[in-house]
Amino acid sequence: MLNSLNIQRKLGLSFVLVIASAAVMMAVFLANILMIRSAIERNDLSQQIHAEALTLESALLRQNSQMRGFLVTGDDTYLKSYFEARDDFDHTSAALEAQLTDPDKIAQIRSAREDTLAWRRDWGDRLIDVVKSGGRERAETEVREAGKAVLISKPVLALRALRDAEDKLIADNTARQHSAITTALITLVLGGIAMIALALVLSRKLGQGIARPIVALTGVMSQLASGNHDAHVPDADRDDELGDMARAVGVFRDAARAKVAADRDIQTAVKAIGESLHHLSSADLRHRLGGLPSEFAGLGVDFNAAMDKLSAAMLVVRDGVGSIASTSGEIRDAVTELSQRSEQQALGLANSTRSIEEITGLMREGSAQVTRANSAMIEARSEAEAGGDVVRRAIDAMNGIDQASREIADITTLIDGIAFQTNLLALNAGVEAARAGEAGKGFAVVAMEVRALAQRATDAARDIKVRIGSAATHVGQGVALVDETGHSLERIIERVGHVSGAIETIAETAASQSRAMEAVNRLIIDMDKATQQNAAMVEETTAATNLMADEARKLGNAVAAFSVEGSASGRRVPAPVRQAPRAPRAPRAVSAPRVVGNTALAGDDWSEF
């Protein structure tokens, strides 16, 4: 069966058998592992239920004992422990009921809790309330008379039955766990033995069906490699890949036999081609290739056609070498003349550069002087504006003096009026003193003195008024003169501003012209550099032209060495190219006379440049 399958299917079937065996063993092993895990989980649950049932039982017994201790001693410590045990029972029973899934166990927990609540109602809580109300002796008597009825044995027995059931479950789960472990070990051992046996059988079968034929084919290929082309190829009738390999080796054997025959033809062709190449290396282009085997007939035709084309090309090259040589001489003469002109133009540009540098320096100095004049005019304008401010302040002061003079004149008029009124009062007082007779003589003397004083005040006020009027006239004239001075200063400031603006415009124009001349100077410097570069390039072109002429002469000599059908009997060598004498290089700017402005040297021709 295996011999009719190919190698891929044989290997695939072998791996499928091994994988299937491993899968069966792993499935059995996994089932036992799952059984072990289930038993462990059930044991954990049973142990937890057992522990919580034991906690409930302990809480019930604590309630009974602490209740009795409180009845006997009346100590609140027992009462506190009683309530703690009661709370522990309630909390633990509720948690245990939430964990259980078996209805019978849930019923047991509920029954134990109901019995406990009934005991609290009938005995525990009721007797504690009796003791708190002062009836401890009555409570003790009631407990003694009740006997075993006061015990909390019914819920305790229910919890013990639950613990016994969980102990039985733990034992059963442990037994199942040990059984699953034993089954897993047996499966592992037996499955391993079966897989080893299967691997041995498959390796033997695959070795007989694959490895041995491959070794035989390797021996045949070694014989073919050593030159034995008559070796027998085994297993060529098989239907798998080894049969394909054997048939391929047979093809290689037949190809090697054909290659031996082809090598003989190749040696014949190589010998004929070698003779033709020997004639070609001797510069003989008249030899043609012939006498080749039929497989290489096309090669002979192509070689002969190539030789014909090469001969024609050599004739064309031989005719063109002379033309190249003469043309190179003409180009060299033209380049030499161009070099001389470029050097003369470079000399003229250098002189122009120096002249423009001098003009640029003069314009830069003129721009600086205009800038300084502009600064002086700005300072003069500032001083004139300051003088205008002083004149304006003087005008304001003169106006203040004029206003003060008018106010003093008003005050003098007021004093004159007061003196007139005082004189009238003194006159009235003298009249009244005359009427009084001897009693009013003293008062009459005082009235006369007052009138004299009022008269002097009137005279003084009149004199002050005349003087203040004269001063006011002079002040008015001064104000007019100062005002006229202010207007003159304003006109001067305006004229100075115009002059300053004109000088500033001149300064900006001079700076612009200086920058423009600097730009022109840079441009001429760049042109000078470009002209120098052109001269250098012309010299390089001259050297390249001479080199091309030499190479053309060498090429003519090389072409003349070939023997070509249809050429002259004698070998023609191109005549050497006439070497034109090189003109002396024009001197640099150091020996040329200086030129100023836009003048140029007499030999400069800008249109040719």
# chains A, B, ... in the order shown; residues from 1 in each chain; ligands from 1
>>> residues_around(residues="A:Lys154", least_positions_apart="3", cutoff="8 Å", atoms="only C-alpha atoms", output="ChimeraX atom specification")
/A:112,115,157-158
>>> write_last_selection(atoms="C-alpha atoms", output="mmCIF file, in the first residue's frame")
data_model
loop_
_atom_site.group_PDB
_atom_site.id
_atom_site.type_symbol
_atom_site.label_atom_id
_atom_site.label_comp_id
_atom_site.auth_asym_id
_atom_site.auth_seq_id
_atom_site.Cartn_x
_atom_site.Cartn_y
_atom_site.Cartn_z
ATOM 1 C CA ALA A 112 -31.460 25.052 61.852
ATOM 2 C CA ASP A 115 -34.995 26.311 65.344
ATOM 3 C CA LEU A 157 -27.751 18.055 65.541
ATOM 4 C CA ALA A 158 -28.903 19.354 62.135
#
>>> residues_around(residues="A:Ala380", least_positions_apart="5", cutoff="10 Å", atoms="only C-alpha atoms", output="PyMOL selection string")
chain A and resi 374-375+385-386+493+496-497+500
>>> atom_distance(atom1="atom CA of A:Gly476", atom2="atom CA of A:Asn399")
8.2 Å
>>> closest_atom_pairs(of="stretch 301-413 of chain A", to="stretch 531-553 of chain A", cutoff="10 Å", atoms="only C-alpha atoms", output="tab-separated table")
residue	atom	partner	partner_atom	distance
A:Gly320	CA	A:Ala552	CA	9.4
A:Val321	CA	A:Ala552	CA	5.9
A:Gly322	CA	A:Ala552	CA	7.8
A:Ser323	CA	A:Ala552	CA	9.3
A:Ile324	CA	A:Ala552	CA	6.6
A:Ala325	CA	A:Ala549	CA	5.3
A:Ser326	CA	A:Ala549	CA	8.2
A:Thr327	CA	A:Ala549	CA	8.6
A:Ser328	CA	A:Ala549	CA	5.6
A:Gly329	CA	A:Ala549	CA	7.2
A:Glu330	CA	A:Thr545	CA	9.4
A:Ile331	CA	A:Thr545	CA	7.0
A:Arg332	CA	A:Thr542	CA	5.5
A:Asp333	CA	A:Thr542	CA	8.4
A:Ala334	CA	A:Thr542	CA	9.0
A:Val335	CA	A:Thr542	CA	5.9
A:Thr336	CA	A:Thr542	CA	6.6
A:Glu337	CA	A:Val538	CA	9.5
A:Leu338	CA	A:Val538	CA	7.1
A:Ser339	CA	A:Ala535	CA	5.5
A:Gln340	CA	A:Ala535	CA	8.1
A:Arg341	CA	A:Ala535	CA	8.6
A:Ser342	CA	A:Ala535	CA	5.4
A:Glu343	CA	A:Ala535	CA	6.1
A:Gln344	CA	A:Thr531	CA	9.6
A:Gln345	CA	A:Thr531	CA	7.2
A:Ala346	CA	A:Thr531	CA	5.5
A:Leu347	CA	A:Gln532	CA	9.2
A:Leu349	CA	A:Thr531	CA	8.4
>>> residues_around(residues="A:Ile49", least_positions_apart="3", cutoff="8 Å", atoms="only C-alpha atoms", output="compact mmCIF listing (two decimals) with C-alpha atoms, in the first residue's frame")
# COMPACT_ATOMS: atom_id res chain seq x y z
CA LEU A 45 -16.61 23.46 48.47
CA SER A 46 -17.36 20.62 50.89
CA GLU A 52 -18.94 27.14 58.12
CA ALA A 53 -21.26 24.50 59.63
CA LEU A 96 -23.75 29.51 53.71
CA ARG A 163 -21.01 18.14 58.48
CA GLU A 166 -19.87 16.82 53.72
>>> atom_distance(atom1="atom CA of A:Ala85", atom2="atom CA of A:Ala107")
22.1 Å
>>> closest_residue(among="A:Ile181, A:Ile468, A:Val72, A:Leu127", to="A:Asn32", atoms="only C-alpha atoms")
A:Ile181
